[in-house]
Amino acid sequence: MDNTKILAIETSFDETAVAIMSGRKLISNVLSSSVDLHKKWGGVVPSIARKAHLDNIEYVYKEALQRGGLEIEDIDYIAVTYGPGLAIALEVGLQFAQNLAYDNDKPLIPINHMEGHLLSPFALNSNGKSVLPDGKDIKDFFPAMALLVSGNHTELVYADKIGDYAVIGETLDDAAGEAFDKVARMLNFGYPGGPVINHVVKKYRSENKNWKSTIGEFALPVPMKDSGDLNFSYSGLKTACMYKIKELRESGINDSEWAWKFCNEYIDVVLQSLEIKLEAALKKYPDVRSVIIGGGVMSNEIIVRGIGRLSRSMDRDFLIPEKKLRTDNAGMIGVAAYFQVAGGESGLCDRDVFSLDRVPNLRLGDEVF
Ligand code: KG4
Ligand code: ZN
């Protein structure tokens, strides 16, 4: 059993996170979110996120070591997210990691945040349990197709094997999570809106047992339905929502009479847009053996169920990370680092650790390190 100890740091957006791996096992995963500080602004404010990272990182780091029952001397590698993300947020984790690695003479492993999302189903929890279907080797799941959907990304990634990725489809404008947040804001649901829309639709469906797909009732378009490529786009849907909500309000109908039903249709069109592209991608790449999902929007059970059903109907394994590894966290960065070390990556050492810079627009397949 591999007992290599990796301490991973993630500060690309609004979560200050530190995790510790022992081999593929996640032995501590600590997170401090600044989400509450952004609520009144209706979205993440970079300078507020940066200040929260600076205020919290030392504490989160110490807590991660303590919960793992370890000292810094026990750690073999430091891993850190260097992109994609907000430049001034990434910098905080990066500088902390660089100083930690240099002062303690540990190699530094730079990690692409999206690779973390993609590899998160391969983590073992602290009891050594896996979410993978039994009886298969990790390599049996590759080539894999990842559908990563968060507040900042909506992308399809073809992963030939671990470490070999190509983005084959991505959003041309807003990410799906961002659209969830903006539509929720129009409905006065607060920020972040994805979980609220999710909650409202679950209630709507449980209170209306005979509900049917309402697509058409509010005339919401299924984004990029006939685009013929693998890309996504959510700004048109967002605008359609804005006009429809305005029209309903101007006609004097109270929000309470239509808002839940509206959200029900909204989730349906987002799910359909994801399904159409995933189905096209799986047809285009018949060698793909599994579908991997990740990102905050994949906390939505309705979307997960739909994507799972489609993947299985197309004879692919469906790999879904544990819920707390779907939204941003440092455990996923640790898992990606584990595979790099296992693959022979030795990391940056001594003063070379300071040569690492953040890459806010980093894409999978374009890694510099
Ligand atoms: O991956 P994530 O934690 O952070 C990044 O953006 O990288 O994703 C956050 C996004 C937000 O836009 C939030 O509204 C959305 O994920 N989200 C959801 C749900 N939970 C979080 N969207 C739909 N349904 C949910 N249950
Ligand atoms: Zn993310």
# chains A, B, ... in the order shown; residues from 1 in each chain; ligands from 1

$ select_by_dssp --residues "stretch 8-129 of chain A" --states "strand (DSSP E or B)" --output "mmCIF file with N, CA and C atoms, in the first residue's frame"
data_model
loop_
_atom_site.group_PDB
_atom_site.id
_atom_site.type_symbol
_atom_site.label_atom_id
_atom_site.label_comp_id
_atom_site.auth_asym_id
_atom_site.auth_seq_id
_atom_site.Cartn_x
_atom_site.Cartn_y
_atom_site.Cartn_z
ATOM 1 N N ALA A 8 -2.339 19.112 0.146
ATOM 2 C CA ALA A 8 -2.821 19.837 -1.031
ATOM 3 C C ALA A 8 -3.544 21.117 -0.636
ATOM 4 N N ILE A 9 -3.328 22.168 -1.437
ATOM 5 C CA ILE A 9 -3.881 23.499 -1.131
ATOM 6 C C ILE A 9 -4.675 24.011 -2.327
ATOM 7 N N GLU A 10 -5.871 24.542 -2.052
ATOM 8 C CA GLU A 10 -6.738 25.035 -3.137
ATOM 9 C C GLU A 10 -7.328 26.386 -2.727
ATOM 10 N N GLU A 15 -13.305 29.122 -1.913
ATOM 11 C CA GLU A 15 -13.067 28.176 -0.813
ATOM 12 C C GLU A 15 -11.574 28.149 -0.494
ATOM 13 N N THR A 16 -11.249 28.327 0.790
ATOM 14 C CA THR A 16 -9.870 28.144 1.232
ATOM 15 C C THR A 16 -9.800 26.709 1.723
ATOM 16 N N ALA A 17 -9.010 25.874 1.057
ATOM 17 C CA ALA A 17 -9.087 24.454 1.385
ATOM 18 C C ALA A 17 -7.716 23.807 1.453
ATOM 19 N N VAL A 18 -7.557 22.912 2.429
ATOM 20 C CA VAL A 18 -6.318 22.132 2.578
ATOM 21 C C VAL A 18 -6.718 20.693 2.888
ATOM 22 N N ALA A 19 -6.067 19.757 2.202
ATOM 23 C CA ALA A 19 -6.378 18.340 2.423
ATOM 24 C C ALA A 19 -5.084 17.552 2.531
ATOM 25 N N ILE A 20 -5.183 16.390 3.143
ATOM 26 C CA ILE A 20 -4.002 15.512 3.219
ATOM 27 C C ILE A 20 -4.370 14.130 2.709
ATOM 28 N N MET A 21 -3.510 13.617 1.824
ATOM 29 C CA MET A 21 -3.679 12.268 1.285
ATOM 30 C C MET A 21 -2.626 11.359 1.893
ATOM 31 N N SER A 22 -3.011 10.103 2.107
ATOM 32 C CA SER A 22 -2.015 9.077 2.385
ATOM 33 C C SER A 22 -2.202 8.084 1.246
ATOM 34 N N LYS A 25 -5.733 7.631 -0.289
ATOM 35 C CA LYS A 25 -6.713 7.814 0.789
ATOM 36 C C LYS A 25 -6.703 9.251 1.312
ATOM 37 N N LEU A 26 -7.909 9.816 1.381
ATOM 38 C CA LEU A 26 -8.050 11.193 1.850
ATOM 39 C C LEU A 26 -8.173 11.165 3.371
ATOM 40 N N ILE A 27 -7.125 11.586 4.084
ATOM 41 C CA ILE A 27 -7.199 11.458 5.541
ATOM 42 C C ILE A 27 -7.660 12.745 6.230
ATOM 43 N N SER A 28 -7.584 13.877 5.545
ATOM 44 C CA SER A 28 -8.264 15.058 6.099
ATOM 45 C C SER A 28 -8.560 16.024 4.963
ATOM 46 N N ASN A 29 -9.697 16.717 5.088
ATOM 47 C CA ASN A 29 -10.164 17.576 3.994
ATOM 48 C C ASN A 29 -10.873 18.763 4.642
ATOM 49 N N VAL A 30 -10.149 19.871 4.829
ATOM 50 C CA VAL A 30 -10.682 21.008 5.589
ATOM 51 C C VAL A 30 -10.961 22.171 4.637
ATOM 52 N N LEU A 31 -12.031 22.875 4.932
ATOM 53 C CA LEU A 31 -12.460 23.911 3.997
ATOM 54 C C LEU A 31 -13.099 25.069 4.753
ATOM 55 N N SER A 32 -12.728 26.280 4.349
ATOM 56 C CA SER A 32 -13.422 27.454 4.886
ATOM 57 C C SER A 32 -13.955 28.234 3.693
ATOM 58 N N SER A 33 -15.264 28.429 3.657
ATOM 59 C CA SER A 33 -15.858 29.080 2.490
ATOM 60 C C SER A 33 -16.157 30.540 2.787
ATOM 61 N N TYR A 77 5.064 15.556 -0.031
ATOM 62 C CA TYR A 77 4.903 16.519 -1.135
ATOM 63 C C TYR A 77 3.861 17.566 -0.766
ATOM 64 N N ILE A 78 4.073 18.787 -1.304
ATOM 65 C CA ILE A 78 3.047 19.834 -1.210
ATOM 66 C C ILE A 78 2.446 19.979 -2.619
ATOM 67 N N ALA A 79 1.123 20.001 -2.721
ATOM 68 C CA ALA A 79 0.475 20.211 -4.028
ATOM 69 C C ALA A 79 -0.346 21.475 -3.949
ATOM 70 N N VAL A 80 -0.454 22.174 -5.085
ATOM 71 C CA VAL A 80 -1.236 23.423 -5.068
ATOM 72 C C VAL A 80 -1.897 23.668 -6.423
ATOM 73 N N THR A 81 -3.106 24.229 -6.390
ATOM 74 C CA THR A 81 -3.793 24.640 -7.616
ATOM 75 C C THR A 81 -3.112 25.885 -8.166
ATOM 76 N N TYR A 82 -2.710 25.843 -9.469
ATOM 77 C CA TYR A 82 -2.120 27.066 -10.061
ATOM 78 C C TYR A 82 -3.020 27.639 -11.162
ATOM 79 N N GLY A 83 -4.182 27.033 -11.403
ATOM 80 C CA GLY A 83 -5.150 27.559 -12.360
ATOM 81 C C GLY A 83 -6.115 26.458 -12.716
ATOM 82 N N LEU A 108 7.268 20.591 -4.665
ATOM 83 C CA LEU A 108 5.971 21.240 -4.903
ATOM 84 C C LEU A 108 5.377 20.726 -6.223
ATOM 85 N N ILE A 109 4.131 20.251 -6.144
ATOM 86 C CA ILE A 109 3.464 19.708 -7.343
ATOM 87 C C ILE A 109 2.354 20.679 -7.782
ATOM 88 N N PRO A 110 2.496 21.321 -8.962
ATOM 89 C CA PRO A 110 1.444 22.214 -9.455
ATOM 90 C C PRO A 110 0.286 21.406 -10.048
ATOM 91 N N ILE A 111 -0.942 21.803 -9.717
ATOM 92 C CA ILE A 111 -2.110 21.030 -10.173
ATOM 93 C C ILE A 111 -3.121 21.933 -10.878
ATOM 94 N N ASN A 112 -3.662 21.415 -11.971
ATOM 95 C CA ASN A 112 -4.773 22.068 -12.669
ATOM 96 C C ASN A 112 -6.064 21.706 -11.923
ATOM 97 N N LEU A 124 -10.035 7.547 -2.258
ATOM 98 C CA LEU A 124 -10.602 6.643 -1.253
ATOM 99 C C LEU A 124 -10.946 7.511 -0.066
#

$ residues_around --residues "A:Leu70" --least-positions-apart "2" --cutoff "12 Å" --atoms "only C-alpha atoms" --output "PyMOL selection string"
chain A and resi 5-7+19-22+27-28+61-68+72-76

$ select_by_dssp --residues "stretch 34-84 of chain A" --states "helix (DSSP H, G or I)" --output "VMD selection string"
chain A and resid 35 to 41 46 to 68 72 to 74

$ closest_residue --among "A:Val291, A:Leu274, A:Leu118, A:Ile48" --to "A:Ala336" --atoms "only C-alpha atoms"
A:Leu118

$ closest_residue --among "A:Lys283, A:His113, A:Arg312, A:Lys161" --to "ligand 2" --atoms "only C-alpha atoms and all ligand atoms"
A:His113

$ closest_atom_pairs --of "chain A" --to "ligand 1" --cutoff "9 Å" --atoms "only C-alpha atoms and all ligand atoms" --output "CSV"
residue,atom,partner,partner_atom_place_in_ligand_line,distance
A:Ser12,CA,ligand 1,7 (O),8.0
A:Phe13,CA,ligand 1,7 (O),6.7
A:Asp14,CA,ligand 1,4 (O),7.8
A:Glu15,CA,ligand 1,3 (O),8.3
A:Gly85,CA,ligand 1,7 (O),8.0
A:His113,CA,ligand 1,7 (O),8.7
A:Met114,CA,ligand 1,7 (O),8.9
A:His117,CA,ligand 1,1 (O),8.2
A:Leu148,CA,ligand 1,1 (O),8.5
A:Val149,CA,ligand 1,1 (O),7.1
A:Ser150,CA,ligand 1,8 (O),4.0
A:Gly151,CA,ligand 1,6 (O),3.1
A:Asn152,CA,ligand 1,6 (O),4.5
A:His153,CA,ligand 1,6 (O),6.8
A:Ala175,CA,ligand 1,12 (O),8.0
A:Ala176,CA,ligand 1,12 (O),7.2
A:Gly177,CA,ligand 1,12 (O),3.4
A:Glu178,CA,ligand 1,12 (O),4.7
A:Ala179,CA,ligand 1,12 (O),7.3
A:Phe180,CA,ligand 1,14 (O),5.6
A:Asp181,CA,ligand 1,14 (O),5.1
A:Lys182,CA,ligand 1,12 (O),8.8
A:Ala184,CA,ligand 1,14 (O),8.7
A:Tyr191,CA,ligand 1,14 (O),7.4
A:Pro192,CA,ligand 1,14 (O),4.7
A:Gly193,CA,ligand 1,14 (O),4.8
A:Gly194,CA,ligand 1,14 (O),3.4
A:Pro195,CA,ligand 1,26 (N),3.9
A:Val196,CA,ligand 1,26 (N),7.3
A:Ile197,CA,ligand 1,24 (N),6.7
A:Asn198,CA,ligand 1,24 (N),4.9
A:His199,CA,ligand 1,26 (N),7.4
A:Ile267,CA,ligand 1,23 (C),8.4
A:Gly294,CA,ligand 1,1 (O),7.5
A:Gly295,CA,ligand 1,1 (O),3.9
A:Gly296,CA,ligand 1,8 (O),3.3
A:Val297,CA,ligand 1,22 (N),3.7
A:Met298,CA,ligand 1,25 (C),6.6
A:Ser299,CA,ligand 1,26 (N),4.4
A:Asn300,CA,ligand 1,26 (N),3.7
A:Glu301,CA,ligand 1,26 (N),7.0
A:Ile302,CA,ligand 1,24 (N),8.4
A:Ile303,CA,ligand 1,24 (N),7.9
A:Arg326,CA,ligand 1,1 (O),6.5
A:Thr327,CA,ligand 1,3 (O),3.6
A:Asp328,CA,ligand 1,3 (O),4.4
A:Asn329,CA,ligand 1,3 (O),8.0

$ residues_around --residues "A:Leu132" --least-positions-apart "2" --cutoff "7 Å" --atoms "only C-alpha atoms" --output "ChimeraX atom specification"
/A:130,134,319

$ write_last_selection --atoms "N, CA, C and O atoms" --output "PDB file, in the first residue's frame"
ATOM      1  N   SER A 130     -14.110   3.173  -1.649  1.00  0.00           N
ATOM      2  CA  SER A 130     -14.105   3.801  -2.962  1.00  0.00           C
ATOM      3  C   SER A 130     -15.537   3.911  -3.491  1.00  0.00           C
ATOM      4  O   SER A 130     -16.391   3.115  -3.123  1.00  0.00           O
ATOM      5  N   ASP A 134     -17.232  -2.216  -8.112  1.00  0.00           N
ATOM      6  CA  ASP A 134     -16.275  -3.242  -7.674  1.00  0.00           C
ATOM      7  C   ASP A 134     -15.647  -3.999  -8.837  1.00  0.00           C
ATOM      8  O   ASP A 134     -16.221  -4.076  -9.911  1.00  0.00           O
ATOM      9  N   LEU A 319     -19.218   7.307 -13.191  1.00  0.00           N
ATOM     10  CA  LEU A 319     -18.396   7.552 -12.002  1.00  0.00           C
ATOM     11  C   LEU A 319     -18.743   8.893 -11.376  1.00  0.00           C
ATOM     12  O   LEU A 319     -18.559   9.946 -11.983  1.00  0.00           O
TER      13      LEU A 319
END

$ closest_residue --among "A:Gly331, A:Pro286, A:Gly308, A:Gly93" --to "ligand 2" --atoms "only C-alpha atoms and all ligand atoms"
A:Gly331

$ residues_around --residues "A:Asp164" --least-positions-apart "5" --cutoff "9 Å" --atoms "only C-alpha atoms" --output "PyMOL selection string"
chain A and resi 158-159+364-365

$ write_last_selection --atoms "N, CA and C atoms" --output "PDB file, in the first residue's frame"
ATOM      1  N   TYR A 158     -12.181  14.696 -22.967  1.00  0.00           N
ATOM      2  CA  TYR A 158     -11.842  13.328 -23.333  1.00  0.00           C
ATOM      3  C   TYR A 158     -10.533  13.012 -22.617  1.00  0.00           C
ATOM      4  N   ALA A 159     -10.562  11.987 -21.775  1.00  0.00           N
ATOM      5  CA  ALA A 159      -9.347  11.598 -21.028  1.00  0.00           C
ATOM      6  C   ALA A 159      -8.914  10.236 -21.541  1.00  0.00           C
ATOM      7  N   LEU A 364      -7.218  22.295 -19.498  1.00  0.00           N
ATOM      8  CA  LEU A 364      -6.717  20.924 -19.469  1.00  0.00           C
ATOM      9  C   LEU A 364      -6.052  20.631 -20.805  1.00  0.00           C
ATOM     10  N   GLY A 365      -4.900  20.015 -20.760  1.00  0.00           N
ATOM     11  CA  GLY A 365      -4.171  19.716 -21.987  1.00  0.00           C
ATOM     12  C   GLY A 365      -3.114  20.768 -22.289  1.00  0.00           C
TER      13      GLY A 365
END

$ closest_residue --among "A:Ser355, A:Ile168, A:Ala330, A:Asp350" --to "A:Leu100" --atoms "only C-alpha atoms"
A:Asp350

$ atom_distance --atom1 "atom CA of A:Gly252" --atom2 "atom CA of A:Asn188"
16.7 Å

$ closest_residue --among "A:Ala52, A:Tyr266, A:Gly23, A:Ala101" --to "A:Ile88" --atoms "only C-alpha atoms"
A:Ala52

$ residues_around --residues "A:Gly236" --least-positions-apart "4" --cutoff "12 Å" --atoms "only C-alpha atoms" --output "count of residues only"
19

$ closest_residue --among "A:Glu217, A:Pro107, A:Lys324, A:Tyr59" --to "ligand 2" --atoms "only C-alpha atoms and all ligand atoms"
A:Lys324
